[in-house]
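Trainee: Could you have a look at this structure, given as C-alpha cells, before my questions?
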Amino acid sequence: MNDGELIQIVDAALAEAARKSGPWLVCRAGCAQCCIGVFAISGVDVDRLHRGLAALAASDPDRAARVRQRARESVERTLEDFPGDAVTGILDEGGDAEARFDEFANEEPCPALDPESLTCDLYASRPLTCRTFGPALRVGSGAIAACELCYEGATEEEVEACAIDLDVQALDPDDGDVRTTVAFALR
Ligand code: SF4
Ligand code: SF4
C-alpha cells in the first residue's frame, strides 16, 4: 500500500467516526491542545512531512522557513532529555525507553503548529497520530481512545456507540520500525 492509499483509508475511517460522533466531537481550527506534547512518528510520517515541507517551501518559502526554525529550536530546547539518539533523532527502544518517552517534553508545542493562528502549517501532510486523534477509536486491545475535550457528558454507552475500529499500527507499512519526532523530521 502506498502512502496515498494509506491516507485515503485512514481519512475515510475518520470521516465516518466524525459522522457517528456528530456534535460530541468538538475539533475545530484553533483548538490545539493535541498539538502540545511530543509524540512518536514512523518512517511513512517522516517522508510525508518532508514532502509537505518541500511543497510549502515552493508555495510559501517564509512559512516553510519558520517551520524549520521552530523545529530546530524545539530540538535544541529538548535535546538534553531526548530519550534516543541525539544525532539521528531515532528514539530508543526496549528497557525503560517507553517510560522515559512518556515523561519527555509533554509541554513542547509541535513545530508545525503556527503559534499565532494555532493551526497546522503542514495539515495535509500531518502524521497518522494527528489524523486519528480526537474521535472515539477502538484500538487492538478493545479499549476506546478519544480526546478528553470530546464526548463531554456522554455515557460510556454513548461513546461506545460512536466508536469505530481502526488499528493504525497494523496499517502502517513501517509498523513503527522507525520512531522519531516531528521536530527531528523537520529541523
Ligand atoms: S483532538 Fe481534542 S484538542 Fe485536538 S482539535 Fe480535537 S478537540 Fe481539540
Ligand atoms: S503535525 Fe500539525 S496536526 Fe500534528 S501535532 Fe503538529 S501541528 Fe498538530
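Each chain in the C-alpha cells gets a letter, A, B and so on, in the order shown; residues start at 1 in every chain, and ligands are counted from 1 in the order they appear.
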Going by DSSP on the backbone, which residues of region 28-156 of chain A come out as strand (DSSP E)? List them as a list in words.

Mentor: Leu137, Arg138, Ile144 and Ala145 of chain A

Trainee: Let me have all residues with an atom within 12 Å of ligand 2, counting only C-alpha atoms and all ligand atoms, laid out as a ChimeraX atom specification.

Mentor: /A:27-41,45-46,48-50,52-53,67,70-71,108-134,181-183,185-186

Trainee: Give me the residues within 9 Å of Met1 (chain A) as a list in words, counting only C-alpha atoms and dropping any in the same chain fewer than 3 places off.

Mentor: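 Here the answer would be Gly4, Glu5, Leu6, Leu171 and Pro173 of chain A.
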
Trainee: Could the residues in this selection be written to a file with N, CA and C atoms, as a short mmCIF file (atom, residue, chain, number, x, y, z; two decimals), in the first residue's frame?

Mentor:
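Everything below was put into out_10.cif:
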```cif
data_model
loop_
_atom_site.label_atom_id
_atom_site.label_comp_id
_atom_site.auth_asym_id
_atom_site.auth_seq_id
_atom_site.Cartn_x
_atom_site.Cartn_y
_atom_site.Cartn_z
N GLY A 4 -0.48 7.34 -0.33
CA GLY A 4 -1.75 7.94 -0.74
C GLY A 4 -2.92 7.03 -0.39
N GLU A 5 -2.73 5.73 -0.61
CA GLU A 5 -3.79 4.76 -0.29
C GLU A 5 -4.00 4.67 1.21
N LEU A 6 -2.90 4.67 1.95
CA LEU A 6 -2.99 4.62 3.42
C LEU A 6 -3.79 5.81 3.95
N LEU A 171 -1.90 -0.89 9.88
CA LEU A 171 -1.90 -0.37 8.52
C LEU A 171 -0.56 0.25 8.12
N PRO A 173 2.91 0.71 7.03
CA PRO A 173 3.87 -0.21 6.41
C PRO A 173 5.18 -0.29 7.17
#
```

Trainee: Compare A:Val178, A:Asp92, A:Ala105, A:Ala143 by their minimum atom-to-atom distance to Leu79 (chain A), counting only C-alpha atoms, and give me the closest one.

Mentor: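 Going through A:Val178, A:Asp92, A:Ala105, A:Ala143 one by one, the smallest distance to Leu79 (chain A) is for A:Ala105.
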
Trainee: Tell me which protein, DNA and RNA residues are within 12 Å of Gly22 (chain A), counting only C-alpha atoms, leaving out same-chain ones fewer than 6 positions away, and put them as a list of chain:residue names.

Mentor: A:Ala15, A:Glu16, A:Pro135, A:Ala136, A:Cys150, A:Tyr151, A:Glu158, A:Val159, A:Ala161, A:Cys162, A:Ala163

Trainee: So how many Å separate CA of Ala58 (chain A) and CA of Arg72 (chain A), to one decimal?

Mentor: 19.9 Å

Trainee: Quick one: residues within 10 Å of Ile164 (chain A), only C-alpha atoms counted, chain neighbours fewer than 2 positions away excluded, as a compact mmCIF listing (two decimals) with N, CA and C atoms, in the first residue's frame?

Mentor:
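File produced: result36.txt:
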```txt
# COMPACT_ATOMS: atom_id res chain seq x y z
N ALA A 13 -11.99 6.53 7.24
CA ALA A 13 -12.43 5.96 8.53
C ALA A 13 -12.73 7.09 9.52
N LEU A 14 -11.88 8.11 9.51
CA LEU A 14 -12.09 9.22 10.45
C LEU A 14 -13.30 10.07 10.07
N GLU A 16 -15.96 8.82 8.84
CA GLU A 16 -17.06 8.01 9.36
C GLU A 16 -17.18 8.21 10.89
N ALA A 17 -16.02 8.24 11.56
CA ALA A 17 -16.03 8.47 13.02
C ALA A 17 -16.66 9.82 13.33
N ALA A 18 -16.31 10.82 12.56
CA ALA A 18 -16.86 12.17 12.79
C ALA A 18 -18.38 12.17 12.54
N LYS A 20 -20.41 9.62 12.91
CA LYS A 20 -21.08 8.92 14.01
C LYS A 20 -21.09 9.76 15.30
N SER A 21 -20.05 10.55 15.50
CA SER A 21 -19.94 11.31 16.75
C SER A 21 -20.74 12.60 16.73
N PRO A 135 -11.75 11.59 17.67
CA PRO A 135 -12.94 10.75 17.79
C PRO A 135 -12.66 9.44 18.51
N ALA A 136 -13.72 8.79 18.97
CA ALA A 136 -13.57 7.53 19.68
C ALA A 136 -13.12 6.42 18.73
N LEU A 137 -11.94 5.86 19.02
CA LEU A 137 -11.39 4.77 18.21
C LEU A 137 -11.21 3.55 19.10
N ARG A 138 -11.63 2.39 18.58
CA ARG A 138 -11.39 1.14 19.31
C ARG A 138 -10.08 0.58 18.78
N VAL A 139 -9.09 0.48 19.67
CA VAL A 139 -7.78 0.00 19.22
C VAL A 139 -7.68 -1.50 19.44
N ILE A 144 -11.14 1.95 24.18
CA ILE A 144 -11.53 3.07 23.32
C ILE A 144 -10.71 4.28 23.70
N GLU A 160 -19.25 4.42 23.26
CA GLU A 160 -19.15 3.10 22.57
C GLU A 160 -19.86 3.14 21.23
N ALA A 161 -21.04 3.74 21.22
CA ALA A 161 -21.87 3.75 20.01
C ALA A 161 -21.23 4.59 18.90
N CYS A 162 -20.37 5.53 19.29
CA CYS A 162 -19.70 6.39 18.29
C CYS A 162 -18.41 5.76 17.76
N LEU A 166 -10.23 0.92 14.32
CA LEU A 166 -9.14 1.32 13.43
C LEU A 166 -7.81 1.03 14.11
N ASP A 167 -7.07 0.06 13.56
CA ASP A 167 -5.76 -0.27 14.10
C ASP A 167 -4.72 0.34 13.17
```

Trainee: What is the distance between CA of Ser42 (chain A) and CA of Gln8 (chain A), in Å to one decimal?

Mentor: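 According to the coordinates, CA of Ser42 (chain A) and CA of Gln8 (chain A) are separated by 17.6 Å.
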
Trainee: If you run DSSP over the backbone, which residues in region 41-166 of chain A end up helix (DSSP H, G or I)? Put them as a ChimeraX atom specification.

Mentor: /A:43-59,61-81,97-102,123-125,128-132,156-162

Trainee: Enter the distance from CA of Glu103 (chain A) to CA of Ser74 (chain A), in Å, rounded to one decimal.

Mentor: 16.0 Å

Trainee: Write out as a PDB file with N, CA, C and O atoms, in the first residue's frame each polymer residue whose atoms come within 12 Å of Glu98 (chain A), counting only C-alpha atoms; drop sequence neighbours fewer than 3 positions from it.

Mentor:
```pdb
ATOM      1  N   PHE A  39       5.170  13.421  20.442  1.00  0.00           N
ATOM      2  CA  PHE A  39       4.723  12.033  20.237  1.00  0.00           C
ATOM      3  C   PHE A  39       5.615  11.403  19.163  1.00  0.00           C
ATOM      4  O   PHE A  39       6.312  12.112  18.428  1.00  0.00           O
ATOM      5  N   ALA A  40       5.560  10.082  19.090  1.00  0.00           N
ATOM      6  CA  ALA A  40       6.431   9.372  18.140  1.00  0.00           C
ATOM      7  C   ALA A  40       5.755   9.280  16.776  1.00  0.00           C
ATOM      8  O   ALA A  40       4.538   9.130  16.676  1.00  0.00           O
ATOM      9  N   PHE A  82      16.426  14.129  25.546  1.00  0.00           N
ATOM     10  CA  PHE A  82      15.885  13.321  24.441  1.00  0.00           C
ATOM     11  C   PHE A  82      16.160  11.834  24.677  1.00  0.00           C
ATOM     12  O   PHE A  82      17.321  11.432  24.808  1.00  0.00           O
ATOM     13  N   PRO A  83      15.105  11.011  24.710  1.00  0.00           N
ATOM     14  CA  PRO A  83      15.309   9.584  25.011  1.00  0.00           C
ATOM     15  C   PRO A  83      15.637   8.777  23.751  1.00  0.00           C
ATOM     16  O   PRO A  83      14.906   7.864  23.356  1.00  0.00           O
ATOM     17  N   GLY A  84      16.728   9.137  23.110  1.00  0.00           N
ATOM     18  CA  GLY A  84      17.112   8.450  21.878  1.00  0.00           C
ATOM     19  C   GLY A  84      18.444   8.978  21.401  1.00  0.00           C
ATOM     20  O   GLY A  84      19.195   9.606  22.152  1.00  0.00           O
ATOM     21  N   LEU A  91      14.347   7.308  18.290  1.00  0.00           N
ATOM     22  CA  LEU A  91      14.033   7.056  19.699  1.00  0.00           C
ATOM     23  C   LEU A  91      14.554   5.690  20.138  1.00  0.00           C
ATOM     24  O   LEU A  91      14.560   4.742  19.349  1.00  0.00           O
ATOM     25  N   ASP A  92      14.948   5.608  21.400  1.00  0.00           N
ATOM     26  CA  ASP A  92      15.394   4.329  21.965  1.00  0.00           C
ATOM     27  C   ASP A  92      14.228   3.354  22.025  1.00  0.00           C
ATOM     28  O   ASP A  92      13.062   3.751  22.129  1.00  0.00           O
ATOM     29  N   GLU A  93      14.563   2.070  21.988  1.00  0.00           N
ATOM     30  CA  GLU A  93      13.563   1.003  22.130  1.00  0.00           C
ATOM     31  C   GLU A  93      13.954   0.133  23.317  1.00  0.00           C
ATOM     32  O   GLU A  93      15.125   0.040  23.668  1.00  0.00           O
ATOM     33  N   GLY A  94      12.959  -0.539  23.879  1.00  0.00           N
ATOM     34  CA  GLY A  94      13.224  -1.516  24.934  1.00  0.00           C
ATOM     35  C   GLY A  94      13.615  -0.879  26.249  1.00  0.00           C
ATOM     36  O   GLY A  94      13.696   0.358  26.369  1.00  0.00           O
ATOM     37  N   GLY A  95      13.849  -1.729  27.244  1.00  0.00           N
ATOM     38  CA  GLY A  95      14.228  -1.258  28.572  1.00  0.00           C
ATOM     39  C   GLY A  95      13.225  -0.265  29.109  1.00  0.00           C
ATOM     40  O   GLY A  95      12.009  -0.468  29.006  1.00  0.00           O
ATOM     41  N   PHE A 101      10.168   8.159  27.427  1.00  0.00           N
ATOM     42  CA  PHE A 101       9.488   8.955  26.399  1.00  0.00           C
ATOM     43  C   PHE A 101       8.162   9.517  26.925  1.00  0.00           C
ATOM     44  O   PHE A 101       7.776  10.640  26.582  1.00  0.00           O
ATOM     45  N   ASP A 102       7.488   8.746  27.775  1.00  0.00           N
ATOM     46  CA  ASP A 102       6.223   9.228  28.366  1.00  0.00           C
ATOM     47  C   ASP A 102       6.435  10.527  29.143  1.00  0.00           C
ATOM     48  O   ASP A 102       5.552  11.371  29.220  1.00  0.00           O
ATOM     49  N   GLU A 103       7.619  10.655  29.726  1.00  0.00           N
ATOM     50  CA  GLU A 103       7.929  11.837  30.548  1.00  0.00           C
ATOM     51  C   GLU A 103       8.558  12.962  29.728  1.00  0.00           C
ATOM     52  O   GLU A 103       8.839  14.031  30.245  1.00  0.00           O
ATOM     53  N   PHE A 104       8.802  12.706  28.448  1.00  0.00           N
ATOM     54  CA  PHE A 104       9.611  13.639  27.646  1.00  0.00           C
ATOM     55  C   PHE A 104       8.765  14.759  27.019  1.00  0.00           C
ATOM     56  O   PHE A 104       7.787  14.485  26.318  1.00  0.00           O
ATOM     57  N   ARG A 179      11.158   5.198  14.625  1.00  0.00           N
ATOM     58  CA  ARG A 179      10.395   6.055  15.531  1.00  0.00           C
ATOM     59  C   ARG A 179      11.221   7.289  15.851  1.00  0.00           C
ATOM     60  O   ARG A 179      12.331   7.197  16.365  1.00  0.00           O
TER      61      ARG A 179
END
```

Trainee: Of the residues A:Ala97, A:Ile7, A:Ala146, A:Val75, which is the one nearest to ligand 1, using only C-alpha atoms and all ligand atoms?

Mentor: A:Ala146
